[in-house]
>>> print(open('data24.csv').read())   # CSV, C-alpha atoms
chain,number,residue,atom,x,y,z
D,1,MET,CA,-126.5,80.2,-124.3
D,2,ASP,CA,-127.3,80.4,-128.0
D,3,PRO,CA,-124.3,81.8,-129.9
D,4,ARG,CA,-126.3,84.4,-131.6
D,5,ALA,CA,-127.8,85.6,-128.3
D,6,ALA,CA,-124.3,85.7,-126.7
D,7,PHE,CA,-122.9,87.7,-129.7
D,8,GLU,CA,-125.8,90.2,-129.6
D,9,ALA,CA,-125.3,90.6,-125.8
D,10,LEU,CA,-121.9,92.0,-126.5
D,11,GLY,CA,-123.7,95.1,-127.8
D,12,THR,CA,-125.4,95.7,-124.4
D,13,THR,CA,-124.1,97.7,-121.5
D,14,GLU,CA,-123.6,94.5,-119.5
D,15,GLY,CA,-121.7,92.9,-122.3
D,16,ARG,CA,-119.5,95.9,-122.8
D,17,GLN,CA,-118.7,96.1,-119.1
D,18,ASP,CA,-117.6,92.4,-119.0
D,19,PRO,CA,-117.6,90.7,-122.4
D,20,TYR,CA,-115.6,87.6,-121.3
D,21,PRO,CA,-118.5,85.4,-120.2
D,22,TYR,CA,-120.1,86.0,-123.6
D,23,TYR,CA,-116.9,85.1,-125.4
D,24,ASP,CA,-116.9,81.8,-123.5
D,25,ALA,CA,-120.6,81.2,-124.3
D,26,ILE,CA,-119.8,81.5,-128.0
D,27,ARG,CA,-116.7,79.3,-127.6
D,28,ALA,CA,-118.9,76.6,-126.2
D,29,HIS,CA,-120.3,76.1,-129.8
D,30,GLY,CA,-116.9,76.1,-131.5
D,31,ASP,CA,-114.0,78.3,-132.5
D,32,LEU,CA,-115.4,79.6,-135.8
D,33,VAL,CA,-119.1,79.9,-135.2
D,34,PRO,CA,-122.0,81.0,-137.5
D,35,VAL,CA,-124.2,83.4,-135.6
D,36,LYS,CA,-126.6,84.3,-138.4
D,37,LYS,CA,-126.8,84.0,-142.1
D,38,GLY,CA,-123.7,85.6,-143.7
D,39,SER,CA,-122.0,86.2,-140.3
D,40,LEU,CA,-119.5,84.0,-138.4
D,41,VAL,CA,-117.5,84.8,-135.2
D,42,ALA,CA,-113.9,83.6,-134.6
D,43,VAL,CA,-113.0,83.1,-131.0
D,44,GLY,CA,-110.1,80.6,-131.2
D,45,TYR,CA,-106.5,81.8,-131.4
D,46,ARG,CA,-105.8,79.7,-134.4
D,47,GLU,CA,-109.0,80.7,-136.2
D,48,CYS,CA,-108.5,84.4,-135.5
D,49,THR,CA,-104.9,84.2,-136.8
D,50,ARG,CA,-106.0,82.5,-140.0
D,51,VAL,CA,-108.8,85.0,-140.7
D,52,LEU,CA,-106.5,88.0,-140.2
D,53,ARG,CA,-104.0,86.6,-142.7
D,54,GLU,CA,-106.4,85.3,-145.3
D,55,PRO,CA,-106.1,87.5,-148.5
D,56,ALA,CA,-109.7,86.7,-149.5
D,57,LEU,CA,-110.9,88.2,-146.2
D,58,GLN,CA,-110.6,91.9,-146.3
D,59,VAL,CA,-111.3,94.9,-144.0
D,60,GLN,CA,-114.6,96.8,-144.3
D,61,ASP,CA,-114.0,99.4,-147.0
D,62,GLY,CA,-116.4,101.7,-148.8
D,63,THR,CA,-117.7,98.8,-150.9
D,64,ALA,CA,-118.5,96.7,-147.9
D,65,PHE,CA,-120.1,99.7,-146.1
D,66,ASP,CA,-122.4,100.2,-149.2
D,67,ARG,CA,-123.8,96.7,-148.6
D,68,VAL,CA,-124.7,97.1,-145.0
D,69,TYR,CA,-124.7,100.8,-144.1
D,70,PRO,CA,-125.8,102.6,-147.3
D,71,GLU,CA,-126.0,105.9,-145.4
D,72,TRP,CA,-122.4,105.8,-144.3
D,73,ARG,CA,-121.3,108.7,-146.5
D,74,SER,CA,-123.4,111.1,-144.4
D,75,HIS,CA,-121.1,110.5,-141.5
D,76,SER,CA,-117.9,112.4,-141.7
D,77,SER,CA,-116.2,110.3,-139.0
D,78,VAL,CA,-116.9,107.1,-140.9
D,79,CYS,CA,-115.8,108.7,-144.1
D,80,ALA,CA,-112.5,109.8,-142.6
D,81,PHE,CA,-111.7,106.2,-141.4
D,82,THR,CA,-112.7,104.9,-144.9
D,83,ASP,CA,-110.3,107.4,-146.5
D,84,SER,CA,-107.5,106.1,-144.2
D,85,MET,CA,-105.4,102.9,-144.4
D,86,LEU,CA,-107.5,101.4,-141.6
D,87,TYR,CA,-110.5,100.7,-143.8
D,88,SER,CA,-108.6,100.2,-147.0
D,89,ASN,CA,-107.5,97.1,-148.8
D,90,PRO,CA,-104.6,96.4,-151.1
D,91,PRO,CA,-103.4,98.0,-153.3
D,92,LYS,CA,-104.8,101.2,-151.8
D,93,HIS,CA,-103.8,100.1,-148.3
D,94,THR,CA,-100.3,99.2,-149.4
D,95,ARG,CA,-99.9,102.6,-151.1
D,96,GLN,CA,-101.1,104.5,-148.1
D,97,ARG,CA,-99.2,102.5,-145.5
D,98,GLY,CA,-96.0,102.9,-147.5
D,99,THR,CA,-96.1,106.6,-146.8
D,100,VAL,CA,-95.5,106.2,-143.1
D,101,ASN,CA,-94.0,102.7,-142.6
D,102,ALA,CA,-90.5,104.0,-142.2
D,103,ASP,CA,-91.5,106.3,-139.3
D,104,PHE,CA,-92.7,103.3,-137.2
D,105,THR,CA,-90.0,100.7,-137.6
D,106,PRO,CA,-88.6,99.4,-134.2
D,107,GLN,CA,-85.3,101.1,-134.9
D,108,GLN,CA,-87.0,104.5,-135.5
D,109,VAL,CA,-89.4,104.1,-132.6
D,110,ALA,CA,-86.5,103.3,-130.2
D,111,ARG,CA,-85.1,106.8,-130.8
D,112,MET,CA,-88.3,108.1,-129.1
D,113,ARG,CA,-87.3,106.6,-125.7
D,114,PRO,CA,-85.6,109.7,-124.3
D,115,VAL,CA,-88.6,111.8,-125.3
D,116,ILE,CA,-91.0,109.3,-123.7
D,117,GLU,CA,-88.9,109.2,-120.5
D,118,ASP,CA,-88.9,113.0,-120.3
D,119,MET,CA,-92.6,113.3,-120.9
D,120,THR,CA,-93.3,110.6,-118.3
D,121,THR,CA,-91.2,112.4,-115.7
D,122,ARG,CA,-93.1,115.6,-116.3
D,123,LEU,CA,-96.4,113.9,-115.9
D,124,LEU,CA,-95.3,112.1,-112.8
D,125,ASP,CA,-94.2,115.4,-111.3
D,126,ARG,CA,-97.7,116.8,-112.0
D,127,ILE,CA,-99.3,113.8,-110.4
D,128,ALA,CA,-97.1,114.1,-107.3
D,129,ASP,CA,-98.2,117.7,-106.9
D,130,LEU,CA,-101.9,116.9,-107.4
D,131,GLY,CA,-101.8,114.0,-104.9
D,132,ALA,CA,-99.4,115.6,-102.4
D,133,ASP,CA,-102.2,116.4,-99.9
D,134,GLY,CA,-103.8,112.9,-100.2
D,135,SER,CA,-106.4,114.0,-102.8
D,136,PRO,CA,-107.4,111.2,-105.3
D,137,VAL,CA,-105.9,111.5,-108.8
D,138,ASN,CA,-107.5,109.9,-111.9
D,139,LEU,CA,-104.6,108.2,-113.5
D,140,MET,CA,-106.5,107.8,-116.8
D,141,ASP,CA,-106.9,111.6,-117.2
D,142,GLU,CA,-103.6,112.7,-115.7
D,143,PHE,CA,-101.2,110.0,-116.9
D,144,ALA,CA,-102.5,107.1,-119.1
D,145,SER,CA,-104.1,109.4,-121.7
D,146,ARG,CA,-101.8,112.4,-121.5
D,147,LEU,CA,-98.6,110.4,-122.3
D,148,PRO,CA,-99.7,108.9,-125.6
D,149,ILE,CA,-101.2,112.1,-126.9
D,150,ALA,CA,-98.0,114.0,-126.1
D,151,VAL,CA,-95.9,111.4,-127.8
D,152,VAL,CA,-98.0,111.1,-131.0
D,153,SER,CA,-98.3,114.9,-131.2
D,154,ALA,CA,-94.5,115.3,-131.1
D,155,MET,CA,-94.1,112.7,-133.8
D,156,LEU,CA,-96.8,114.2,-136.1
D,157,GLY,CA,-95.7,117.7,-135.4
D,158,PHE,CA,-98.9,118.9,-133.8
D,159,ASP,CA,-99.2,121.9,-131.4
D,160,ALA,CA,-98.0,120.9,-127.9
D,161,ASP,CA,-100.4,123.3,-126.2
D,162,ARG,CA,-103.5,121.6,-127.8
D,163,GLN,CA,-102.8,118.1,-126.5
D,164,VAL,CA,-105.8,117.9,-124.1
D,165,TRP,CA,-108.0,119.2,-126.9
D,166,PHE,CA,-106.6,116.5,-129.2
D,167,ARG,CA,-107.2,113.9,-126.6
D,168,ASP,CA,-110.8,114.8,-126.1
D,169,ILE,CA,-111.6,115.2,-129.7
D,170,ALA,CA,-109.8,112.0,-130.7
D,171,SER,CA,-111.8,110.1,-128.1
D,172,ALA,CA,-115.0,111.4,-129.4
D,173,ILE,CA,-114.2,110.4,-133.0
D,174,ALA,CA,-113.0,106.9,-132.0
D,175,VAL,CA,-116.6,106.0,-130.9
D,176,SER,CA,-117.5,105.7,-134.6
D,177,THR,CA,-115.4,102.5,-134.7
D,178,ASP,CA,-118.2,100.8,-132.7
D,179,GLY,CA,-120.4,101.2,-135.8
D,180,PHE,CA,-123.9,102.6,-136.3
D,181,THR,CA,-125.4,101.2,-133.1
D,182,ASP,CA,-125.5,104.5,-131.2
D,183,PRO,CA,-126.8,107.4,-133.4
D,184,ALA,CA,-126.2,110.0,-130.7
D,185,ALA,CA,-122.6,109.0,-130.2
D,186,LEU,CA,-122.1,108.8,-133.9
D,187,ALA,CA,-123.4,112.4,-134.3
D,188,THR,CA,-121.0,113.5,-131.7
D,189,ALA,CA,-118.2,111.7,-133.5
D,190,ASP,CA,-119.2,113.5,-136.8
D,191,ALA,CA,-119.2,116.9,-135.2
D,192,ALA,CA,-115.7,116.2,-133.6
D,193,MET,CA,-114.4,115.0,-137.0
D,194,ASP,CA,-115.6,118.2,-138.7
D,195,GLU,CA,-113.9,120.3,-136.1
D,196,LEU,CA,-110.7,118.3,-136.4
D,197,ALA,CA,-110.7,118.5,-140.2
D,198,ASP,CA,-111.0,122.3,-140.0
D,199,HIS,CA,-108.0,122.4,-137.6
D,200,PHE,CA,-106.1,120.0,-139.9
D,201,GLY,CA,-106.6,122.4,-142.8
D,202,ASP,CA,-104.8,125.1,-140.8
D,203,VAL,CA,-102.0,122.6,-139.9
D,204,ILE,CA,-101.5,121.7,-143.5
D,205,THR,CA,-101.3,125.4,-144.5
D,206,ARG,CA,-98.7,126.0,-141.8
D,207,LYS,CA,-96.7,122.9,-142.8
D,208,ARG,CA,-96.6,124.1,-146.4
D,209,GLY,CA,-95.2,127.4,-145.3
D,210,CYS,CA,-92.8,126.1,-142.6
D,211,PRO,CA,-92.2,122.4,-143.0
D,212,ALA,CA,-90.4,120.5,-140.2
D,213,ALA,CA,-88.9,117.1,-139.6
D,214,ASP,CA,-92.2,115.5,-138.6
D,215,ILE,CA,-94.6,113.0,-140.2
D,216,VAL,CA,-97.3,115.5,-141.2
D,217,SER,CA,-94.8,117.7,-143.0
D,218,ALA,CA,-93.7,114.7,-145.0
D,219,LEU,CA,-97.2,113.7,-145.8
D,220,VAL,CA,-98.1,117.2,-147.0
D,221,ARG,CA,-95.0,117.3,-149.2
D,222,LEU,CA,-96.0,113.9,-150.7
D,223,HIS,CA,-99.6,115.1,-151.3
D,224,ASP,CA,-98.4,118.3,-152.9
D,225,SER,CA,-95.8,116.6,-155.1
D,226,ASP,CA,-98.1,113.8,-156.3
D,227,PRO,CA,-101.8,113.7,-155.2
D,228,ALA,CA,-102.1,110.3,-156.9
D,229,LYS,CA,-100.0,108.9,-154.2
D,230,LEU,CA,-101.9,110.6,-151.4
D,231,SER,CA,-105.1,112.5,-152.1
D,232,HIS,CA,-106.4,115.4,-149.9
D,233,ASP,CA,-109.1,113.2,-148.3
D,234,GLU,CA,-106.5,110.4,-147.7
D,235,LEU,CA,-104.2,113.0,-146.1
D,236,ILE,CA,-106.9,114.2,-143.7
D,237,GLY,CA,-108.1,110.6,-143.0
D,238,ASN,CA,-104.6,109.3,-142.2
D,239,MET,CA,-103.7,112.4,-140.0
D,240,MET,CA,-106.9,111.6,-138.1
D,241,LEU,CA,-106.1,107.9,-137.9
D,242,LEU,CA,-102.5,108.4,-136.7
D,243,LEU,CA,-103.8,110.8,-134.0
D,244,THR,CA,-106.6,108.6,-132.7
D,245,ALA,CA,-104.9,105.2,-133.1
D,246,GLY,CA,-101.7,106.5,-131.5
D,247,PHE,CA,-103.6,107.8,-128.5
D,248,GLU,CA,-106.6,105.8,-127.2
D,249,THR,CA,-105.4,102.2,-127.5
D,250,THR,CA,-102.1,103.0,-125.8
D,251,ALA,CA,-103.8,105.0,-123.1
D,252,PHE,CA,-106.0,101.9,-122.4
D,253,LEU,CA,-102.9,99.7,-122.4
D,254,ILE,CA,-101.1,101.9,-119.9
D,255,GLY,CA,-104.3,102.2,-117.7
D,256,ASN,CA,-104.8,98.4,-117.7
D,257,GLY,CA,-101.2,97.8,-116.9
D,258,ALA,CA,-101.3,100.3,-114.0
D,259,LEU,CA,-104.4,98.8,-112.5
D,260,MET,CA,-103.0,95.3,-112.6
D,261,ALA,CA,-99.8,96.5,-110.9
D,262,ILE,CA,-101.7,98.3,-108.2
D,263,ASP,CA,-103.9,95.2,-107.6
D,264,ASN,CA,-100.8,93.0,-107.5
D,265,PRO,CA,-98.0,94.6,-105.4
D,266,ARG,CA,-95.6,91.8,-106.3
D,267,TYR,CA,-95.7,92.8,-109.9
D,268,ALA,CA,-95.3,96.4,-109.0
D,269,ALA,CA,-92.2,95.5,-107.1
D,270,LEU,CA,-90.8,93.6,-110.1
D,271,LEU,CA,-91.6,96.6,-112.4
D,272,ARG,CA,-89.6,98.8,-110.0
D,273,THR,CA,-86.6,96.6,-109.6
D,274,GLN,CA,-86.2,94.3,-112.6
D,275,GLN,CA,-85.9,96.1,-116.0
D,276,PRO,CA,-86.4,93.0,-118.2
D,277,PHE,CA,-89.7,92.2,-116.4
D,278,ALA,CA,-91.5,95.2,-118.0
D,279,ALA,CA,-91.5,93.6,-121.5
D,280,ALA,CA,-93.0,90.3,-120.3
D,281,TYR,CA,-95.5,92.2,-118.1
D,282,VAL,CA,-96.7,94.4,-121.0
D,283,GLU,CA,-97.2,91.4,-123.2
D,284,GLU,CA,-99.4,89.7,-120.6
D,285,VAL,CA,-101.4,92.9,-120.2
D,286,LEU,CA,-101.9,92.9,-124.0
D,287,ARG,CA,-103.1,89.3,-123.8
D,288,PHE,CA,-105.2,89.4,-120.7
D,289,GLU,CA,-106.9,92.8,-121.2
D,290,PRO,CA,-106.3,94.1,-124.7
D,291,PRO,CA,-107.4,97.6,-125.7
D,292,VAL,CA,-108.8,96.4,-129.0
D,293,HIS,CA,-111.3,93.6,-128.5
D,294,VAL,CA,-112.7,93.0,-132.0
D,295,THR,CA,-112.1,93.6,-135.7
D,296,SER,CA,-113.9,92.1,-138.7
D,297,ARG,CA,-113.2,90.9,-142.2
D,298,TRP,CA,-115.4,90.6,-145.3
D,299,ALA,CA,-115.1,87.8,-147.8
D,300,ALA,CA,-114.2,89.2,-151.2
D,301,ALA,CA,-114.4,85.7,-152.7
D,302,ASP,CA,-115.6,82.3,-151.5
D,303,VAL,CA,-113.2,80.7,-149.0
D,304,THR,CA,-113.1,77.6,-146.9
D,305,MET,CA,-111.3,77.3,-143.6
D,306,PHE,CA,-111.6,74.9,-140.8
D,307,ASP,CA,-114.3,73.0,-142.7
D,308,GLN,CA,-116.4,76.2,-142.8
D,309,HIS,CA,-117.5,77.4,-146.2
D,310,ILE,CA,-117.5,81.2,-146.2
D,311,PRO,CA,-119.4,82.6,-149.2
D,312,ALA,CA,-118.4,85.9,-150.8
D,313,GLY,CA,-120.0,88.8,-149.1
D,314,SER,CA,-120.0,87.1,-145.7
D,315,ARG,CA,-118.7,88.8,-142.6
D,316,VAL,CA,-116.3,87.2,-140.1
D,317,VAL,CA,-116.1,88.9,-136.7
D,318,VAL,CA,-112.7,88.4,-135.1
D,319,LEU,CA,-112.8,88.5,-131.3
D,320,LEU,CA,-109.2,89.2,-130.6
D,321,ALA,CA,-109.7,89.3,-126.8
D,322,ALA,CA,-111.4,85.9,-127.0
D,323,GLY,CA,-108.5,84.4,-129.0
D,324,ASN,CA,-106.1,85.7,-126.4
D,325,ARG,CA,-107.9,83.5,-123.8
D,326,ASP,CA,-108.2,80.4,-125.9
D,327,PRO,CA,-107.5,77.5,-123.5
D,328,ARG,CA,-106.0,75.5,-126.4
D,329,ARG,CA,-103.3,78.1,-126.8
D,330,TYR,CA,-102.9,79.4,-123.2
D,331,PRO,CA,-103.1,77.1,-120.1
D,332,ASP,CA,-105.3,78.6,-117.4
D,333,PRO,CA,-106.2,81.5,-119.8
D,334,ASN,CA,-108.2,83.6,-117.3
D,335,ARG,CA,-105.2,83.9,-115.0
D,336,PHE,CA,-102.9,86.9,-115.4
D,337,ASP,CA,-99.4,85.5,-115.6
D,338,PRO,CA,-96.5,87.6,-116.9
D,339,GLY,CA,-94.3,84.5,-116.8
D,340,ARG,CA,-96.0,83.0,-119.8
D,341,ALA,CA,-93.5,82.0,-122.5
D,342,ASN,CA,-94.0,82.7,-126.2
D,343,SER,CA,-97.2,84.6,-125.6
D,344,GLN,CA,-97.7,86.4,-128.9
D,345,PRO,CA,-101.1,87.9,-128.2
D,346,LEU,CA,-103.4,88.9,-131.0
D,347,SER,CA,-103.9,92.4,-129.7
D,348,PHE,CA,-102.2,94.2,-132.6
D,349,GLY,CA,-104.0,92.1,-135.2
D,350,GLY,CA,-102.2,90.3,-138.0
D,351,GLY,CA,-101.5,90.2,-141.7
D,352,VAL,CA,-101.2,93.3,-143.8
D,353,HIS,CA,-103.2,95.3,-141.3
D,354,PHE,CA,-100.9,94.4,-138.3
D,355,CYS,CA,-100.9,97.5,-136.1
D,356,LEU,CA,-98.5,100.1,-137.5
D,357,GLY,CA,-97.9,101.6,-134.0
D,358,ALA,CA,-97.3,98.3,-132.2
D,359,ALA,CA,-93.6,99.0,-131.4
D,360,LEU,CA,-94.4,102.5,-130.2
D,361,ALA,CA,-97.3,101.3,-127.9
D,362,ARG,CA,-95.0,98.7,-126.4
D,363,LEU,CA,-92.2,101.1,-125.8
D,364,GLU,CA,-94.5,103.7,-124.1
D,365,ALA,CA,-96.0,101.1,-121.8
D,366,GLN,CA,-92.6,99.4,-121.0
D,367,THR,CA,-91.2,102.8,-120.2
D,368,ALA,CA,-94.1,104.4,-118.3
D,369,LEU,CA,-95.2,101.6,-116.1
D,370,PRO,CA,-91.9,101.0,-114.3
D,371,MET,CA,-91.4,104.7,-113.9
D,372,LEU,CA,-94.8,105.0,-112.3
D,373,ALA,CA,-94.1,102.1,-110.0
D,374,ARG,CA,-90.8,103.6,-108.9
D,375,ARG,CA,-92.1,107.1,-108.4
D,376,PHE,CA,-95.1,106.0,-106.3
D,377,PRO,CA,-94.3,102.8,-104.4
D,378,GLN,CA,-97.2,103.4,-102.0
D,379,ILE,CA,-99.9,104.0,-104.7
D,380,THR,CA,-103.3,102.5,-103.9
D,381,LEU,CA,-106.8,102.6,-105.4
D,382,ALA,CA,-108.9,105.4,-104.0
D,383,ASP,CA,-112.1,103.9,-105.4
D,384,THR,CA,-113.3,101.4,-107.9
D,385,ALA,CA,-111.9,101.7,-111.4
D,386,THR,CA,-114.6,102.0,-114.0
D,387,TYR,CA,-114.7,101.1,-117.7
D,388,ARG,CA,-116.1,103.1,-120.6
D,389,ASP,CA,-119.3,102.0,-122.1
D,390,ARG,CA,-117.6,100.7,-125.3
D,391,TRP,CA,-116.7,97.4,-126.8
D,392,VAL,CA,-114.5,97.6,-129.9
D,393,ILE,CA,-111.9,99.7,-128.2
D,394,ARG,CA,-112.4,98.9,-124.5
D,395,GLY,CA,-110.6,100.5,-121.6
D,396,LEU,CA,-110.8,102.3,-118.3
D,397,ARG,CA,-112.7,105.6,-117.9
D,398,THR,CA,-111.5,106.2,-114.4
D,399,LEU,CA,-108.6,104.9,-112.4
D,400,PRO,CA,-108.7,106.9,-109.1
D,401,VAL,CA,-105.6,106.5,-106.9
D,402,THR,CA,-103.9,108.0,-103.9
D,403,THR,CA,-100.3,108.3,-104.6
D,404,GLY,CA,-98.8,108.0,-101.1
D,405,ARG,CA,-95.3,109.2,-100.5
D,406,ALA,CA,-93.6,110.0,-103.8
D,407,VAL,CA,-90.0,109.2,-104.4
D,408,THR,CA,-88.0,112.1,-105.7
D,409,ALA,CA,-87.5,111.8,-109.5
D,410,SER,CA,-84.0,111.3,-110.7
D,411,ARG,CA,-82.8,113.9,-113.3
D,412,ARG,CA,-80.4,113.3,-116.1
>>> encode(input="data24.csv", output="C-alpha cells")
Amino acid sequence: MDPRAAFEALGTTEGRQDPYPYYDAIRAHGDLVPVKKGSLVAVGYRECTRVLREPALQVQDGTAFDRVYPEWRSHSSVCAFTDSMLYSNPPKHTRQRGTVNADFTPQQVARMRPVIEDMTTRLLDRIADLGADGSPVNLMDEFASRLPIAVVSAMLGFDADRQVWFRDIASAIAVSTDGFTDPAALATADAAMDELADHFGDVITRKRGCPAADIVSALVRLHDSDPAKLSHDELIGNMMLLLTAGFETTAFLIGNGALMAIDNPRYAALLRTQQPFAAAYVEEVLRFEPPVHVTSRWAAADVTMFDQHIPAGSRVVVLLAAGNRDPRRYPDPNRFDPGRANSQPLSFGGGVHFCLGAALARLEAQTALPMLARRFPQITLADTATYRDRWVIRGLRTLPVTTGRAVTASRR
C-alpha cells in the first residue's frame, strides 16, 4: 500500500478500529517516511525516540495552529489545550510544568498507594454487587474509568460527588485531541469545555476562600500571587489538562490490561499470586496496546535526521504505537509477552514532554489489575469488547464481563 494511502486510512473507522496493519504498511516504506509535502511519519522505535527528543522539533502550539487551522481560536476546547503545558513549548512549557512537577514525582505518587487501594476495594465491592446475580458488568464504566477519575479528583481537590460528571465531560473534551476531522465531535467538545470552565470558575472561588492541601489550591495561590507565572487562561487550561490526561489514558490502560488478563488466564493467575509480575505486565500492556497512539512535532528550524532533510515548518507525525512494535527493537513484536526484558515502551512520549503522570498511571494499573484478578478469579467475557471510534487516544468503549464467584475482600 502507498504510505500516504495507509496514513490517511488511519483516519477512517476501519483504521481507528485496527490501526496496526496500516502501521505495518507505512513501515514497509521505511521508518521515517514522507507521506506528502511537508509531512513525514515516524514508525521506527529509534526514529520516534529521536523525534521526541529533538529540540528543533516542537509540539503544535498556537503558532503552528495558525498555519494549518486558522479558525482554531473559535474552538474553546482547542484553546484550553493550547493554554496548557500540553501544547506549549519552552520556555512557556518549562514555566507551566514547573508549577506541578513536584506533585508527580515517583516519591510523591507512591504516597497515593493506600488511597488507590481503598478506592479500588470500594469499586470492586460495587462490581460484586452488580454482578452477584450473573448480570453482565461493563468494566470500562464501572471500574477502569471510575478509578482514575476518583484518584485525580482527590489529588486536584475536586468534588468527590461529581466524579461521574467529570468523567463524562473530560471524555467529551478529549475528542478535540483528534484534531479538526470531526466537526460534530469538536462542537460537542467545545460545549463540554465551556461547561467545565464555568465549573472551574466556581472551584477557583471556593479554593480562594478555603484553600486545602491539593494541587488546584496551590495553582490558585500561584496565580493570585503572580499572574506572570500562571495566567488565568493557563490556570483553566492546566486544570482541564490534569483532569482529562489523568483520567482517560489511565482508564484505557486499565481496561486493556484487564482484557488481556481475562483472555489469558495464565497471566491472571500470575497477577493474583506474584506481586512483582504486575510491573512487567503493565509495561507490556503499555507496549502492546498503548492508550496514546500518536503525537506530532513541528520543525521550528531546518533539521536533518536519518538522512532525511526536514525543512522548517514541516510536520513529523510520531506513531508511538508503531514504534512499540518495531521488529528491530522487539523480537516477535505482535506477540504479547510480559517476560520481555528492558522493554521501555514509547507510550509516555519522551523529551521535555514526557508524560507528567507516568508514575501515577503505572501505580494505578499495577495496583488495580492484581486486585481485580484476586477478587474475581472466575471473571469471563460476557460479550465482545468494543473500541471507541478514536485514534489519537485509543481504548475500549465496552468490556462486558460476568464476575463469577467473588472472593471476599480483605479489610485493613
>>> closest_atom_pairs(input="data24.csv", of="segment 79-159 of chain D", to="segment 189-204 of chain D", cutoff="9 Å", atoms="all atoms listed in the file", output="JSON lines")
{"residue": "D:Ala80", "atom": "CA", "partner": "D:Met193", "partner_atom": "CA", "distance": 7.9}
{"residue": "D:Phe158", "atom": "CA", "partner": "D:Val203", "partner_atom": "CA", "distance": 7.8}
{"residue": "D:Asp159", "atom": "CA", "partner": "D:Val203", "partner_atom": "CA", "distance": 9.0}
>>> write_last_selection(input="data24.csv", atoms="C-alpha atoms", output="mmCIF file, in the coordinates of the input")
data_model
loop_
_atom_site.group_PDB
_atom_site.id
_atom_site.type_symbol
_atom_site.label_atom_id
_atom_site.label_comp_id
_atom_site.auth_asym_id
_atom_site.auth_seq_id
_atom_site.Cartn_x
_atom_site.Cartn_y
_atom_site.Cartn_z
ATOM 1 C CA ALA D 80 -112.500 109.800 -142.600
ATOM 2 C CA PHE D 158 -98.900 118.900 -133.800
ATOM 3 C CA ASP D 159 -99.200 121.900 -131.400
#
>>> atom_distance(input="data24.csv", atom1="atom CA of Leu319 of chain D", atom2="atom CA of Ala9 of chain D")
13.8 Å
>>> closest_residue(input="data24.csv", among="D:Thr367, D:Thr94, D:Ser231, D:Asn342", to="Thr120 of chain D", atoms="only C-alpha atoms")
D:Thr367
>>> residues_around(input="data24.csv", residues="segment 121-124 of chain D", least_positions_apart="6", cutoff="10 Å", atoms="only C-alpha atoms", output="PyMOL selection string")
chain D and resi 115+130+142-144+146-147+368+371-372+375-376+406+409-411
>>> closest_residue(input="data24.csv", among="D:Val35, D:Ala172, D:Leu57, D:Val51", to="Asp302 of chain D", atoms="all atoms listed in the file")
D:Leu57
>>> residues_around(input="data24.csv", residues="segment 218-230 of chain D", least_positions_apart="6", cutoff="10 Å", atoms="all atoms listed in the file", output="PDB file with C-alpha atoms, in the coordinates of the input")
ATOM      1  CA  LYS D  92    -104.800 101.200-151.800  1.00  0.00           C
ATOM      2  CA  ARG D  95     -99.900 102.600-151.100  1.00  0.00           C
ATOM      3  CA  GLN D  96    -101.100 104.500-148.100  1.00  0.00           C
ATOM      4  CA  GLY D  98     -96.000 102.900-147.500  1.00  0.00           C
ATOM      5  CA  THR D  99     -96.100 106.600-146.800  1.00  0.00           C
ATOM      6  CA  VAL D 100     -95.500 106.200-143.100  1.00  0.00           C
ATOM      7  CA  LEU D 156     -96.800 114.200-136.100  1.00  0.00           C
ATOM      8  CA  VAL D 203    -102.000 122.600-139.900  1.00  0.00           C
ATOM      9  CA  ILE D 204    -101.500 121.700-143.500  1.00  0.00           C
ATOM     10  CA  THR D 205    -101.300 125.400-144.500  1.00  0.00           C
ATOM     11  CA  LYS D 207     -96.700 122.900-142.800  1.00  0.00           C
ATOM     12  CA  ARG D 208     -96.600 124.100-146.400  1.00  0.00           C
ATOM     13  CA  PRO D 211     -92.200 122.400-143.000  1.00  0.00           C
ATOM     14  CA  ALA D 212     -90.400 120.500-140.200  1.00  0.00           C
ATOM     15  CA  ILE D 236    -106.900 114.200-143.700  1.00  0.00           C
ATOM     16  CA  ASN D 238    -104.600 109.300-142.200  1.00  0.00           C
ATOM     17  CA  MET D 239    -103.700 112.400-140.000  1.00  0.00           C
TER      18      MET D 239
END
>>> residues_near_point(input="data24.csv", point="(-108.8, 108.8, -135.1)", cutoff="7 Å", atoms="all atoms listed in the file", output="ChimeraX atom specification")
/D:170,173-174,240-245
>>> write_last_selection(input="data24.csv", atoms="C-alpha atoms", output="PDB file, in the frame of the given file")
ATOM      1  CA  ALA D 170    -109.800 112.000-130.700  1.00  0.00           C
ATOM      2  CA  ILE D 173    -114.200 110.400-133.000  1.00  0.00           C
ATOM      3  CA  ALA D 174    -113.000 106.900-132.000  1.00  0.00           C
ATOM      4  CA  MET D 240    -106.900 111.600-138.100  1.00  0.00           C
ATOM      5  CA  LEU D 241    -106.100 107.900-137.900  1.00  0.00           C
ATOM      6  CA  LEU D 242    -102.500 108.400-136.700  1.00  0.00           C
ATOM      7  CA  LEU D 243    -103.800 110.800-134.000  1.00  0.00           C
ATOM      8  CA  THR D 244    -106.600 108.600-132.700  1.00  0.00           C
ATOM      9  CA  ALA D 245    -104.900 105.200-133.100  1.00  0.00           C
TER      10      ALA D 245
END
>>> residues_around(input="data24.csv", residues="Arg329 of chain D", least_positions_apart="2", cutoff="10 Å", atoms="only C-alpha atoms", output="list in words")
Gly44, Tyr45, Arg46, Gly323, Asn324, Arg325, Asp326, Pro327, Pro331, Asp332, Pro333 and Ser343 of chain D
>>> closest_residue(input="data24.csv", among="D:Arg50, D:Arg287, D:His75, D:His93", to="Thr188 of chain D", atoms="only C-alpha atoms")
D:His75
>>> residues_near_point(input="data24.csv", point="(-110.4, 106.7, -112.7)", cutoff="10 Å", atoms="all atoms listed in the file", output="PyMOL selection string")
chain D and resi 136-142+255+259+381-387+396-401
>>> closest_residue(input="data24.csv", among="D:Gly357, D:Tyr22, D:Pro370, D:Thr181", to="Ala102 of chain D", atoms="all atoms listed in the file")
D:Gly357
>>> closest_residue(input="data24.csv", among="D:Val294, D:Leu271, D:Val303, D:Ala321", to="Leu369 of chain D", atoms="only C-alpha atoms")
D:Leu271
